[in-house]
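Structure file query_1.pdb (PDB, C-alpha atoms) is printed below.
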ATOM      1  CA  MET O1222     -90.291 -22.802  26.534
ATOM      2  CA  HIS O1223     -89.307 -24.898  23.550
ATOM      3  CA  GLU O1224     -92.380 -26.753  22.440
ATOM      4  CA  ASN O1225     -92.668 -29.741  20.193
ATOM      5  CA  MET O1226     -93.795 -28.325  16.880
ATOM      6  CA  GLY O1227     -93.488 -31.466  14.821
ATOM      7  CA  TYR O1228     -96.534 -31.092  12.610
ATOM      8  CA  LYS O1229     -97.926 -33.798  10.372
ATOM      9  CA  SER O1230     -99.650 -33.608   7.035
ATOM     10  CA  ILE O1231    -103.448 -33.971   7.206
ATOM     11  CA  GLY O1232    -103.770 -34.288   3.431
ATOM     12  CA  ILE O1233    -102.395 -33.270   0.062
ATOM     13  CA  ILE O1234    -103.191 -30.339  -2.219
ATOM     14  CA  HIS O1235    -103.601 -31.318  -5.862
ATOM     15  CA  SER O1236    -103.288 -28.648  -8.515
ATOM     16  CA  GLU O1237    -102.240 -28.130 -12.100
ATOM     17  CA  HIS O1238     -99.140 -26.257 -11.007
ATOM     18  CA  THR O1239     -95.997 -28.307 -11.323
ATOM     19  CA  ARG O1240     -93.462 -25.517 -11.848
ATOM     20  CA  ALA O1241     -93.026 -22.735  -9.309
ATOM     21  CA  GLU O1242     -92.214 -20.226 -12.039
ATOM     22  CA  ASP O1243     -95.596 -20.833 -13.709
ATOM     23  CA  THR O1244     -97.605 -20.697 -10.477
ATOM     24  CA  PRO O1245     -99.587 -17.564  -9.594
ATOM     25  CA  ILE O1246     -98.430 -16.011  -6.341
ATOM     26  CA  GLN O1247    -101.892 -15.598  -4.800
ATOM     27  CA  PRO O1248    -105.444 -16.920  -5.387
ATOM     28  CA  VAL O1249    -106.517 -13.501  -6.719
ATOM     29  CA  PHE O1250    -104.178 -14.115  -9.666
ATOM     30  CA  ALA O1251    -105.336 -17.743 -10.075
ATOM     31  CA  GLU O1252    -109.097 -17.296 -10.264
ATOM     32  CA  GLN O1253    -109.638 -19.987 -12.880
ATOM     33  CA  CYS O1254    -107.117 -22.450 -11.489
ATOM     34  CA  LYS O1255    -108.917 -25.472 -10.141
ATOM     35  CA  GLY O1256    -107.541 -27.900  -7.621
ATOM     36  CA  ARG O1257    -108.436 -30.309  -4.868
ATOM     37  CA  ALA O1258    -107.617 -30.731  -1.227
ATOM     38  CA  GLU O1259    -107.553 -34.436  -0.417
ATOM     39  CA  ILE O1260    -107.885 -34.943   3.321
ATOM     40  CA  PHE O1261    -106.635 -38.246   4.669
ATOM     41  CA  PRO O1262    -109.589 -40.516   5.578
ATOM     42  CA  GLU O1263    -108.821 -40.448   9.301
ATOM     43  CA  TYR O1264    -109.570 -36.682   9.345
ATOM     44  CA  ALA O1265    -112.584 -36.691   7.003
ATOM     45  CA  ASP O1266    -115.144 -36.376   9.826
ATOM     46  CA  GLY O1267    -113.669 -32.947  10.558
ATOM     47  CA  LEU O1268    -115.017 -31.673   7.215
ATOM     48  CA  LYS O1269    -118.657 -31.817   8.317
ATOM     49  CA  ASP O1270    -120.457 -28.462   7.751
ATOM     50  CA  ILE O1271    -117.623 -27.002   5.682
ATOM     51  CA  GLU O1272    -119.820 -26.945   2.558
ATOM     52  CA  GLY O1273    -121.645 -23.902   3.957
ATOM     53  CA  PHE O1274    -118.560 -21.744   3.555
ATOM     54  CA  SER O1275    -117.729 -20.263   0.155
ATOM     55  CA  HIS O1276    -114.067 -19.634   0.999
ATOM     56  CA  ILE O1277    -111.556 -21.473   3.169
ATOM     57  CA  TYR O1278    -107.985 -20.992   4.292
ATOM     58  CA  LEU O1279    -105.577 -23.662   3.162
ATOM     59  CA  ILE O1280    -102.611 -23.759   5.521
ATOM     60  CA  TYR O1281     -99.791 -25.773   4.063
ATOM     61  CA  HIS O1282     -96.123 -26.655   4.164
ATOM     62  CA  MET O1283     -94.278 -25.038   1.238
ATOM     63  CA  HIS O1284     -92.205 -28.141   0.622
ATOM     64  CA  ARG O1285     -90.250 -26.675  -2.274
ATOM     65  CA  ALA O1286     -89.426 -23.274  -0.768
ATOM     66  CA  GLY O1287     -85.787 -22.263  -0.784
ATOM     67  CA  SER O1288     -83.695 -21.490   2.290
ATOM     68  CA  ALA O1289     -84.937 -18.708   4.525
ATOM     69  CA  ARG O1290     -83.793 -15.188   3.718
ATOM     70  CA  LEU O1291     -84.512 -12.123   5.852
ATOM     71  CA  THR O1292     -84.816  -9.681   2.980
ATOM     72  CA  VAL O1293     -86.251 -10.464  -0.441
ATOM     73  CA  LYS O1294     -87.362  -8.758  -3.624
ATOM     74  CA  PRO O1295     -91.074  -9.564  -3.753
ATOM     75  CA  PHE O1296     -92.615 -10.843  -6.989
ATOM     76  CA  LEU O1297     -94.635  -7.640  -7.398
ATOM     77  CA  GLN O1298     -91.893  -5.036  -6.908
ATOM     78  CA  ASP O1299     -88.202  -4.795  -7.682
ATOM     79  CA  VAL O1300     -87.270  -3.420  -4.259
ATOM     80  CA  GLU O1301     -85.630  -5.345  -1.429
ATOM     81  CA  ARG O1302     -88.100  -5.713   1.470
ATOM     82  CA  GLY O1303     -88.061  -7.313   4.895
ATOM     83  CA  LEU O1304     -89.253 -10.908   4.586
ATOM     84  CA  PHE O1305     -92.086 -10.496   7.120
ATOM     85  CA  ALA O1306     -93.419  -7.547   5.088
ATOM     86  CA  THR O1307     -93.861  -9.947   2.138
ATOM     87  CA  ARG O1308     -95.588 -13.235   1.400
ATOM     88  CA  ALA O1309     -92.445 -14.739  -0.171
ATOM     89  CA  PRO O1310     -92.044 -18.488   0.430
ATOM     90  CA  CYS O1311     -88.452 -18.490   1.719
ATOM     91  CA  ARG O1312     -89.421 -18.149   5.413
ATOM     92  CA  PRO O1313     -87.898 -19.562   8.625
ATOM     93  CA  ASN O1314     -91.026 -21.736   8.872
ATOM     94  CA  PRO O1315     -92.290 -22.228   5.303
ATOM     95  CA  ILE O1316     -95.988 -22.064   6.158
ATOM     96  CA  GLY O1317     -98.214 -20.933   3.292
ATOM     97  CA  ILE O1318    -101.724 -19.534   3.542
ATOM     98  CA  SER O1319    -104.180 -19.271   0.655
ATOM     99  CA  ILE O1320    -107.810 -18.188   0.746
ATOM    100  CA  VAL O1321    -109.431 -20.336  -1.940
ATOM    101  CA  GLU O1322    -112.992 -20.769  -3.153
ATOM    102  CA  LEU O1323    -114.717 -23.958  -2.005
ATOM    103  CA  VAL O1324    -116.721 -25.256  -4.959
ATOM    104  CA  GLY O1325    -117.926 -28.481  -3.392
ATOM    105  CA  ARG O1326    -117.076 -31.555  -1.396
ATOM    106  CA  GLU O1327    -116.981 -35.217  -2.361
ATOM    107  CA  GLY O1328    -116.349 -37.225   0.787
ATOM    108  CA  ASN O1329    -112.811 -36.465   1.888
ATOM    109  CA  VAL O1330    -112.020 -34.326  -1.175
ATOM    110  CA  LEU O1331    -112.678 -30.580  -1.462
ATOM    111  CA  ASN O1332    -113.004 -29.144  -4.960
ATOM    112  CA  LEU O1333    -111.460 -25.705  -5.116
ATOM    113  CA  LYS O1334    -110.994 -22.657  -7.336
ATOM    114  CA  GLY O1335    -108.307 -20.016  -7.084
ATOM    115  CA  VAL O1336    -105.569 -22.516  -6.302
ATOM    116  CA  ASP O1337    -102.103 -20.941  -6.262
ATOM    117  CA  VAL O1338    -100.385 -23.911  -4.642
ATOM    118  CA  LEU O1339     -97.936 -26.393  -6.159
ATOM    119  CA  ASP O1340     -99.232 -29.890  -6.849
ATOM    120  CA  GLY O1341     -98.399 -32.331  -4.070
ATOM    121  CA  THR O1342     -98.090 -29.741  -1.312
ATOM    122  CA  PRO O1343     -98.647 -31.177   2.197
ATOM    123  CA  LEU O1344    -101.722 -29.718   3.893
ATOM    124  CA  LEU O1345    -101.465 -28.768   7.567
ATOM    125  CA  ASP O1346    -104.865 -27.269   8.371
ATOM    126  CA  ILE O1347    -108.109 -25.909   6.945
ATOM    127  CA  LYS O1348    -110.053 -23.050   8.517
ATOM    128  CA  PRO O1349    -113.243 -21.389   7.287
ATOM    129  CA  TYR O1350    -112.964 -17.810   6.010
ATOM    130  CA  ILE O1351    -115.358 -15.801   8.164
ATOM    131  CA  ALA O1352    -116.108 -12.253   7.056
ATOM    132  CA  ARG O1353    -116.795 -11.144  10.645
ATOM    133  CA  PHE O1354    -113.216 -12.049  11.571
ATOM    134  CA  ASP O1355    -111.225 -11.759   8.379
ATOM    135  CA  ARG O1356    -112.576  -8.952   6.212
ATOM    136  CA  ILE O1357    -110.602  -5.950   7.438
ATOM    137  CA  THR O1358    -112.012  -2.829   5.823
ATOM    138  CA  THR O1359    -109.556  -0.345   7.323
ATOM    139  CA  ALA O1360    -106.253  -1.914   6.291
ATOM    140  CA  HIS O1361    -103.303   0.088   5.008
ATOM    141  CA  ASP O1362    -101.075  -2.013   2.829
ATOM    142  CA  GLY O1363     -97.599  -0.511   3.019
ATOM    143  CA  TRP O1364     -95.419  -0.975  -0.070
ATOM    144  CA  GLN O1365     -98.203  -2.986  -1.740
ATOM    145  CA  GLU O1366    -100.037   0.308  -2.267
ATOM    146  CA  GLU O1367     -97.184   1.404  -4.542
ATOM    147  CA  VAL O1368     -98.089  -1.399  -6.969
ATOM    148  CA  ASP O1369    -101.040  -0.633  -9.256
ATOM    149  CA  ASP O1370    -103.615  -3.349  -9.977
ATOM    150  CA  LYS O1371    -102.575  -3.802 -13.583
ATOM    151  CA  THR O1372     -98.925  -4.366 -12.690
ATOM    152  CA  ALA O1373     -99.931  -6.678  -9.832
ATOM    153  CA  GLY O1374    -102.135  -8.715 -12.149
ATOM    154  CA  ARG O1375     -99.375  -9.097 -14.711
ATOM    155  CA  LYS O1376     -96.555  -9.942 -12.290
ATOM    156  CA  GLY O1377     -98.727 -11.929  -9.883
ATOM    157  CA  LYS O1378     -99.671 -14.518 -12.487
ATOM    158  CA  ARG O1379     -96.000 -15.338 -13.112
ATOM    159  CA  GLY O1380     -95.761 -17.771 -16.070
ATOM    160  CA  TYR O1381     -99.410 -18.764 -15.874
ATOM    161  CA  GLY O1382    -101.112 -18.224 -19.219
ATOM    162  CA  LYS O1383     -97.767 -17.988 -21.037
ATOM    163  CA  GLY O1384     -97.414 -21.684 -21.687
ATOM    164  CA  GLY O1385     -97.804 -22.412 -17.999
ATOM    165  CA  THR O1386     -99.422 -25.556 -16.742
ATOM    166  CA  CYS O1387    -102.755 -24.188 -15.490
ATOM    167  CA  ARG O1388    -105.563 -25.051 -17.875
ATOM    168  CA  THR O1389    -108.532 -22.722 -17.799
TER
ATOM    169  CA  MET V 934     -93.885 -37.720   0.527
ATOM    170  CA  HIS V 935     -93.325 -37.242   4.222
ATOM    171  CA  GLU V 936     -91.581 -33.952   4.693
ATOM    172  CA  ASN V 937     -89.722 -32.613   7.673
ATOM    173  CA  MET V 938     -92.147 -30.224   9.293
ATOM    174  CA  GLY V 939     -90.216 -29.546  12.441
ATOM    175  CA  TYR V 940     -90.900 -25.860  12.857
ATOM    176  CA  LYS V 941     -89.128 -23.572  15.278
ATOM    177  CA  SER V 942     -90.328 -20.553  17.180
ATOM    178  CA  ILE V 943     -89.246 -17.202  15.668
ATOM    179  CA  GLY V 944     -90.413 -15.257  18.714
ATOM    180  CA  ILE V 945     -92.948 -15.022  21.517
ATOM    181  CA  ILE V 946     -96.344 -13.340  21.737
ATOM    182  CA  HIS V 947     -96.855 -11.356  24.935
ATOM    183  CA  SER V 948    -100.371 -10.501  26.037
ATOM    184  CA  GLU V 949    -102.466  -9.881  29.101
ATOM    185  CA  HIS V 950    -104.271 -13.186  28.628
ATOM    186  CA  THR V 951    -103.130 -15.831  31.060
ATOM    187  CA  ARG V 952    -106.291 -17.934  31.252
ATOM    188  CA  ALA V 953    -107.845 -19.489  28.149
ATOM    189  CA  GLU V 954    -111.338 -19.053  29.568
ATOM    190  CA  ASP V 955    -110.852 -15.268  29.812
ATOM    191  CA  THR V 956    -109.324 -14.895  26.360
ATOM    192  CA  PRO V 957    -111.436 -13.554  23.476
ATOM    193  CA  ILE V 958    -111.714 -16.043  20.640
ATOM    194  CA  GLN V 959    -110.853 -13.614  17.831
ATOM    195  CA  PRO V 960    -109.264 -10.154  17.456
ATOM    196  CA  VAL V 961    -112.669  -8.656  16.583
ATOM    197  CA  PHE V 962    -113.723  -9.454  20.167
ATOM    198  CA  ALA V 963    -110.433  -8.187  21.624
ATOM    199  CA  GLU V 964    -110.221  -4.724  20.083
ATOM    200  CA  GLN V 965    -108.766  -3.044  23.138
ATOM    201  CA  CYS V 966    -106.439  -5.898  24.125
ATOM    202  CA  LYS V 967    -102.866  -4.800  23.661
ATOM    203  CA  GLY V 968     -99.927  -7.097  23.260
ATOM    204  CA  ARG V 969     -96.480  -7.484  21.751
ATOM    205  CA  ALA V 970     -94.784  -9.809  19.334
ATOM    206  CA  GLU V 971     -91.145 -10.161  20.346
ATOM    207  CA  ILE V 972     -89.134 -11.506  17.439
ATOM    208  CA  PHE V 973     -85.859 -13.164  18.318
ATOM    209  CA  PRO V 974     -82.927 -10.879  17.399
ATOM    210  CA  GLU V 975     -81.621 -13.197  14.691
ATOM    211  CA  TYR V 976     -84.841 -12.608  12.688
ATOM    212  CA  ALA V 977     -85.235  -8.877  13.372
ATOM    213  CA  ASP V 978     -83.930  -7.819   9.926
ATOM    214  CA  GLY V 979     -86.968  -9.535   8.426
ATOM    215  CA  LEU V 980     -89.220  -6.875  10.002
ATOM    216  CA  LYS V 981     -87.990  -4.092   7.701
ATOM    217  CA  ASP V 982     -90.898  -2.279   5.970
ATOM    218  CA  ILE V 983     -93.562  -3.936   8.124
ATOM    219  CA  GLU V 984     -94.464  -0.576   9.718
ATOM    220  CA  GLY V 985     -96.300   0.388   6.530
ATOM    221  CA  PHE V 986     -98.955  -2.250   7.143
ATOM    222  CA  SER V 987    -101.807  -1.524   9.547
ATOM    223  CA  HIS V 988    -102.693  -5.182  10.060
ATOM    224  CA  ILE V 989    -100.622  -8.352  10.146
ATOM    225  CA  TYR V 990    -101.252 -12.056  10.475
ATOM    226  CA  LEU V 991     -99.734 -13.686  13.515
ATOM    227  CA  ILE V 992     -99.245 -17.384  12.862
ATOM    228  CA  TYR V 993     -98.527 -19.251  16.062
ATOM    229  CA  HIS V 994     -98.364 -22.569  17.836
ATOM    230  CA  MET V 995    -101.315 -22.953  20.224
ATOM    231  CA  HIS V 996     -99.162 -24.494  22.912
ATOM    232  CA  ARG V 997    -101.994 -25.012  25.383
ATOM    233  CA  ALA V 998    -104.590 -26.448  23.007
ATOM    234  CA  GLY V 999    -106.168 -29.739  24.038
ATOM    235  CA  SER V1000    -105.997 -32.966  22.069
ATOM    236  CA  ALA V1001    -107.380 -32.880  18.552
ATOM    237  CA  ARG V1002    -111.070 -33.634  18.097
ATOM    238  CA  LEU V1003    -112.809 -33.973  14.744
ATOM    239  CA  THR V1004    -116.115 -32.488  15.859
ATOM    240  CA  VAL V1005    -116.537 -29.660  18.370
ATOM    241  CA  LYS V1006    -119.135 -27.295  19.715
ATOM    242  CA  PRO V1007    -117.796 -23.885  18.676
ATOM    243  CA  PHE V1008    -117.674 -21.057  21.204
ATOM    244  CA  LEU V1009    -120.340 -19.124  19.316
ATOM    245  CA  GLN V1010    -122.962 -21.843  18.884
ATOM    246  CA  ASP V1011    -124.170 -24.813  20.896
ATOM    247  CA  VAL V1012    -124.192 -27.183  17.914
ATOM    248  CA  GLU V1013    -121.625 -29.880  17.163
ATOM    249  CA  ARG V1014    -119.698 -28.930  14.003
ATOM    250  CA  GLY V1015    -116.884 -30.449  11.981
ATOM    251  CA  LEU V1016    -113.565 -29.179  13.326
ATOM    252  CA  PHE V1017    -112.409 -27.752   9.978
ATOM    253  CA  ALA V1018    -115.634 -25.714   9.766
ATOM    254  CA  THR V1019    -114.587 -23.986  13.011
ATOM    255  CA  ARG V1020    -111.616 -22.052  14.352
ATOM    256  CA  ALA V1021    -111.458 -24.150  17.551
ATOM    257  CA  PRO V1022    -107.930 -24.707  18.882
ATOM    258  CA  CYS V1023    -108.059 -28.515  19.287
ATOM    259  CA  ARG V1024    -106.713 -29.271  15.794
ATOM    260  CA  PRO V1025    -104.424 -32.040  14.448
ATOM    261  CA  ASN V1026    -101.807 -29.292  13.946
ATOM    262  CA  PRO V1027    -102.560 -26.582  16.528
ATOM    263  CA  ILE V1028    -101.705 -23.638  14.269
ATOM    264  CA  GLY V1029    -103.462 -20.399  15.186
ATOM    265  CA  ILE V1030    -103.995 -17.374  12.948
ATOM    266  CA  SER V1031    -104.936 -13.903  14.162
ATOM    267  CA  ILE V1032    -105.225 -10.714  12.147
ATOM    268  CA  VAL V1033    -104.081  -8.029  14.592
ATOM    269  CA  GLU V1034    -103.524  -4.310  14.337
ATOM    270  CA  LEU V1035     -99.900  -3.201  14.122
ATOM    271  CA  VAL V1036     -99.560  -0.075  16.261
ATOM    272  CA  GLY V1037     -95.808   0.364  15.942
ATOM    273  CA  ARG V1038     -92.404  -1.224  16.029
ATOM    274  CA  GLU V1039     -89.530  -0.833  18.470
ATOM    275  CA  GLY V1040     -86.563  -2.765  17.086
ATOM    276  CA  ASN V1041     -87.455  -6.429  17.283
ATOM    277  CA  VAL V1042     -90.747  -5.819  19.120
ATOM    278  CA  LEU V1043     -94.098  -5.160  17.427
ATOM    279  CA  ASN V1044     -96.746  -3.359  19.465
ATOM    280  CA  LEU V1045    -100.179  -4.732  18.697
ATOM    281  CA  LYS V1046    -103.879  -4.218  19.321
ATOM    282  CA  GLY V1047    -106.641  -6.783  19.057
ATOM    283  CA  VAL V1048    -104.582  -9.546  20.607
ATOM    284  CA  ASP V1049    -106.610 -12.703  21.288
ATOM    285  CA  VAL V1050    -103.588 -14.903  21.983
ATOM    286  CA  LEU V1051    -102.414 -16.396  25.273
ATOM    287  CA  ASP V1052     -99.327 -14.865  26.856
ATOM    288  CA  GLY V1053     -96.166 -16.800  26.017
ATOM    289  CA  THR V1054     -97.437 -18.332  22.794
ATOM    290  CA  PRO V1055     -94.640 -19.350  20.391
ATOM    291  CA  LEU V1056     -94.707 -17.358  17.160
ATOM    292  CA  LEU V1057     -94.130 -19.230  13.887
ATOM    293  CA  ASP V1058     -94.536 -16.557  11.225
ATOM    294  CA  ILE V1059     -95.749 -13.046  10.455
ATOM    295  CA  LYS V1060     -97.312 -12.042   7.151
ATOM    296  CA  PRO V1061     -98.733  -8.660   6.115
ATOM    297  CA  TYR V1062    -102.516  -8.398   5.687
ATOM    298  CA  ILE V1063    -103.014  -7.241   2.109
ATOM    299  CA  ALA V1064    -106.515  -6.146   1.122
ATOM    300  CA  ARG V1065    -105.947  -7.120  -2.514
ATOM    301  CA  PHE V1066    -105.386 -10.735  -1.430
ATOM    302  CA  ASP V1067    -107.305 -11.123   1.810
ATOM    303  CA  ARG V1068    -110.452  -9.007   1.773
ATOM    304  CA  ILE V1069    -113.016 -11.368   0.263
ATOM    305  CA  THR V1070    -116.199  -9.439  -0.379
ATOM    306  CA  THR V1071    -118.275 -12.339  -1.699
ATOM    307  CA  ALA V1072    -117.875 -14.826   1.152
ATOM    308  CA  HIS V1073    -120.724 -16.944   2.482
ATOM    309  CA  ASP V1074    -120.119 -17.944   6.062
ATOM    310  CA  GLY V1075    -122.015 -21.193   6.631
ATOM    311  CA  TRP V1076    -123.225 -21.782  10.196
ATOM    312  CA  GLN V1077    -121.601 -18.500  11.310
ATOM    313  CA  GLU V1078    -124.448 -16.669   9.541
ATOM    314  CA  GLU V1079    -126.862 -18.252  12.020
ATOM    315  CA  VAL V1080    -125.153 -16.322  14.847
ATOM    316  CA  ASP V1081    -126.219 -12.686  15.151
ATOM    317  CA  ASP V1082    -123.621 -10.010  15.883
ATOM    318  CA  LYS V1083    -124.856  -9.357  19.412
ATOM    319  CA  THR V1084    -124.637 -13.003  20.409
ATOM    320  CA  ALA V1085    -121.242 -13.330  18.718
ATOM    321  CA  GLY V1086    -119.948 -10.285  20.596
ATOM    322  CA  ARG V1087    -121.122 -11.632  23.933
ATOM    323  CA  LYS V1088    -119.902 -15.218  23.492
ATOM    324  CA  GLY V1089    -116.748 -14.300  21.559
ATOM    325  CA  LYS V1090    -115.313 -12.253  24.420
ATOM    326  CA  ARG V1091    -115.487 -15.263  26.763
ATOM    327  CA  GLY V1092    -114.522 -14.152  30.311
ATOM    328  CA  TYR V1093    -112.894 -10.913  29.103
ATOM    329  CA  GLY V1094    -114.449  -7.947  30.876
ATOM    330  CA  LYS V1095    -116.017 -10.148  33.564
ATOM    331  CA  GLY V1096    -113.047 -10.159  35.883
ATOM    332  CA  GLY V1097    -110.826 -11.406  33.095
ATOM    333  CA  THR V1098    -107.208 -10.421  32.796
ATOM    334  CA  CYS V1099    -107.305  -7.994  29.873
ATOM    335  CA  ARG V1100    -107.032  -4.409  31.042
ATOM    336  CA  THR V1101    -108.516  -1.822  28.754
TER
END

Have the structure of the file written as structure tokens, please.
Amino acid sequence: MHENMGYKSIGIIHSEHTRAEDTPIQPVFAEQCKGRAEIFPEYADGLKDIEGFSHIYLIYHMHRAGSARLTVKPFLQDVERGLFATRAPCRPNPIGISIVELVGREGNVLNLKGVDVLDGTPLLDIKPYIARFDRITTAHDGWQEEVDDKTAGRKGKRGYGKGGTCRT
Amino acid sequence: MHENMGYKSIGIIHSEHTRAEDTPIQPVFAEQCKGRAEIFPEYADGLKDIEGFSHIYLIYHMHRAGSARLTVKPFLQDVERGLFATRAPCRPNPIGISIVELVGREGNVLNLKGVDVLDGTPLLDIKPYIARFDRITTAHDGWQEEVDDKTAGRKGKRGYGKGGTCRT
């Protein structure tokens, strides 16, 4: 039953975010934040055809996440919530997922927009965003629906734009 | 630079899929396939508030995936593609992502619909699907746009419905 889940980094995410407190919490709050995914040369052949996709999932190891907690106050709301009902980083397995915009590719480097990931984060996987699979039009969003867009935009950016490190 | 990425299972995914060749490749092709995510009791408190979300990401370890390959012929098209431009399971880190419908919760068990995951798959994480973050309306889908919906529906179900194991 217990499988070997010793994953390895397939590359590194480069961004302008060096401080967690200045890093937007999701790509939607980081639209102008550029970054790069550098894939190690031994995996570069796997990037063939990726240029056709406008958006990709970055799946990464949140190397600076704190210890796991089972309830957290999410960034967007001052109410304690179950961890798995949030996207907070302090998870039993600190796997992060971001849907970023793929601007272009130069060899083993992907140029990206909407990067909400700390500089130097180890990359685990890349998958194409495919509307047929991933664009759910019927979703109900639980406590997130209690947060209006304006409040989400303000809180979701965190310190970005207030002397944060992301240049636009 | 090299981080400890030794992840542990937080639970098990139960489904009616026991043979990979009869398992739909994505939830969209498995609409009627029910299943359960059993979260180990020590993590159950993290499920608080999840009932408000209609869809969740299951993030799991594809324990029966073959060795990694950098180019593959995807299930939906008979053309060799770069691995990272596909959702094929034979990845350097065999992490799977499925957006499934959350039907209800009984304690530490989540009842699900749209399950395209093999029975017994180790669960790594659960995140809520949040339209504000995850519903990308402007996506271009590369080679996937060459596959019409009818062909995708037929190929994406694999053996399901042709004597496969998923009861509807």

Check: which chain V residues lie within 7 Å of chain O using all atoms listed in the file, as a ChimeraX atom specification = /V:938-941,959,961,976,978-983,985-988,1003-1004,1014-1020,1026,1057-1061,1063-1064,1066,1068-1069,1072-1076

Expected file: the selected residues, C-alpha atoms, as a PDB file, in the frame of the given file:
ATOM      1  CA  MET V 938     -92.147 -30.224   9.293  1.00  0.00           C
ATOM      2  CA  GLY V 939     -90.216 -29.546  12.441  1.00  0.00           C
ATOM      3  CA  TYR V 940     -90.900 -25.860  12.857  1.00  0.00           C
ATOM      4  CA  LYS V 941     -89.128 -23.572  15.278  1.00  0.00           C
ATOM      5  CA  GLN V 959    -110.853 -13.614  17.831  1.00  0.00           C
ATOM      6  CA  VAL V 961    -112.669  -8.656  16.583  1.00  0.00           C
ATOM      7  CA  TYR V 976     -84.841 -12.608  12.688  1.00  0.00           C
ATOM      8  CA  ASP V 978     -83.930  -7.819   9.926  1.00  0.00           C
ATOM      9  CA  GLY V 979     -86.968  -9.535   8.426  1.00  0.00           C
ATOM     10  CA  LEU V 980     -89.220  -6.875  10.002  1.00  0.00           C
ATOM     11  CA  LYS V 981     -87.990  -4.092   7.701  1.00  0.00           C
ATOM     12  CA  ASP V 982     -90.898  -2.279   5.970  1.00  0.00           C
ATOM     13  CA  ILE V 983     -93.562  -3.936   8.124  1.00  0.00           C
ATOM     14  CA  GLY V 985     -96.300   0.388   6.530  1.00  0.00           C
ATOM     15  CA  PHE V 986     -98.955  -2.250   7.143  1.00  0.00           C
ATOM     16  CA  SER V 987    -101.807  -1.524   9.547  1.00  0.00           C
ATOM     17  CA  HIS V 988    -102.693  -5.182  10.060  1.00  0.00           C
ATOM     18  CA  LEU V1003    -112.809 -33.973  14.744  1.00  0.00           C
ATOM     19  CA  THR V1004    -116.115 -32.488  15.859  1.00  0.00           C
ATOM     20  CA  ARG V1014    -119.698 -28.930  14.003  1.00  0.00           C
ATOM     21  CA  GLY V1015    -116.884 -30.449  11.981  1.00  0.00           C
ATOM     22  CA  LEU V1016    -113.565 -29.179  13.326  1.00  0.00           C
ATOM     23  CA  PHE V1017    -112.409 -27.752   9.978  1.00  0.00           C
ATOM     24  CA  ALA V1018    -115.634 -25.714   9.766  1.00  0.00           C
ATOM     25  CA  THR V1019    -114.587 -23.986  13.011  1.00  0.00           C
ATOM     26  CA  ARG V1020    -111.616 -22.052  14.352  1.00  0.00           C
ATOM     27  CA  ASN V1026    -101.807 -29.292  13.946  1.00  0.00           C
ATOM     28  CA  LEU V1057     -94.130 -19.230  13.887  1.00  0.00           C
ATOM     29  CA  ASP V1058     -94.536 -16.557  11.225  1.00  0.00           C
ATOM     30  CA  ILE V1059     -95.749 -13.046  10.455  1.00  0.00           C
ATOM     31  CA  LYS V1060     -97.312 -12.042   7.151  1.00  0.00           C
ATOM     32  CA  PRO V1061     -98.733  -8.660   6.115  1.00  0.00           C
ATOM     33  CA  ILE V1063    -103.014  -7.241   2.109  1.00  0.00           C
ATOM     34  CA  ALA V1064    -106.515  -6.146   1.122  1.00  0.00           C
ATOM     35  CA  PHE V1066    -105.386 -10.735  -1.430  1.00  0.00           C
ATOM     36  CA  ARG V1068    -110.452  -9.007   1.773  1.00  0.00           C
ATOM     37  CA  ILE V1069    -113.016 -11.368   0.263  1.00  0.00           C
ATOM     38  CA  ALA V1072    -117.875 -14.826   1.152  1.00  0.00           C
ATOM     39  CA  HIS V1073    -120.724 -16.944   2.482  1.00  0.00           C
ATOM     40  CA  ASP V1074    -120.119 -17.944   6.062  1.00  0.00           C
ATOM     41  CA  GLY V1075    -122.015 -21.193   6.631  1.00  0.00           C
ATOM     42  CA  TRP V1076    -123.225 -21.782  10.196  1.00  0.00           C
TER      43      TRP V1076
END

Tell me, in Å to one decimal, how far atom CA of Gly1328 of chain O is from atom CA of Glu1259 of chain O.
-> 9.3 Å

Taking the file above as input, evaluate the PyMOL selection byres ((chain O and resi 1296) around 7) and report the hits as a ChimeraX atom specification.
-> /O:1294-1295,1297-1298,1376-1377

Shortest contact to Leu1333 of chain O, candidates O:Gly1287, O:Gly1256, O:Gly1232, O:Pro1262, atoms counted only C-alpha atoms, goes to O:Gly1256

Report, as JSON, the axis-aligned box around all atoms of segment 1290-1300 of chain O present in the file, extended by 5 Å on each side; give centre and edge lengths in Å to one decimal place.
{"center_x": -89.2, "center_y": -9.3, "center_z": -0.9, "size_x": 20.8, "size_y": 21.8, "size_z": 23.5}

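With all atoms listed in the file as the basis for measurement, V:Val1012 is the residue among V:Ala970, V:Val1012, V:Ala1001, V:Ala953 that approaches Val1080 of chain V most closely.
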
Find the distance between atom CA of Arg997 of chain V and atom CA of Thr956 of chain V and write it in Å to one decimal.
->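 Atom CA of Thr956 of chain V lies at a distance of 12.5 Å from atom CA of Arg997 of chain V.
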
In Å, with one decimal, what is the gap from atom CA of Ala1251 of chain O to atom CA of Tyr1381 of chain O?
-> 8.4 Å

Nearest candidate to Arg1379 of chain O (options O:Leu1344, O:Pro1310, O:Glu1327, O:Asp1337; using all atoms listed in the file) =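 Looking only at the distances to Arg1379 of chain O, the closest residue turns out to be O:Asp1337.
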
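Checking V:Lys1046, V:His950, V:Arg1038, V:Lys1090 one by one against Cys966 of chain V, counting only C-alpha atoms, you find the shortest gap at V:Lys1046.
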